[in-house]
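For reference, the structure is listed below as structure tokens.
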Amino acid sequence: MKNVLLVCGQGISSQLFLGEAKRTAETQRVPLHFSATSLMEVTPELLAEQDLVLLAPQVAYQAKMRAKIGDQVQTAPIPNDIYGWLNSQALVKYACHQLNFAPAAVTVAY
């Protein structure tokens, strides 16, 4: 099981995405565990538990975010088309792609 953290500015949109991402991963039997938080709640301890951090577009390129995460964990911005539509199927596939594994059940293009 791989841990994936969704991070956005205030934590609102990442929480909206969280439920759908969890359901999609569970339904498709993809070994991902999603969690979500706001930028302000990111801690070194939280990062140490993650395999991947997916950043909302509005925080992905902030110097503050890059400095906070550093090289502690693999990070990637959530593409605008996935984030804007809250497309959980595409998010699960994108996370699998970032982690370099492709479970057979994930068939949605991103």
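The chains in the structure tokens are called A, B, ... from first to last as shown; in each chain the residues are counted from 1, and the ligands are counted from 1 in the order shown.
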Exercise for review: Extract, using only C-alpha atoms, all DNA, RNA and protein residues at most 12 Å from A:Leu54, discarding same-chain residues fewer than 6 positions from it, and format them as a PyMOL selection string.
Suggested key: chain A and resi 3-8+14+17-18+34-39+47+60-61+65+69+73-79+82-83+91-92+94-96+98-99
Exercise for review: Step one, run DSSP on the backbone; step two, keep only residues of stretch 53-110 of chain A assigned to helix (DSSP H, G or I); then write them as an NGL selection string.
Suggested key: :A and (57-60 or 63-69 or 80-84 or 88-98)
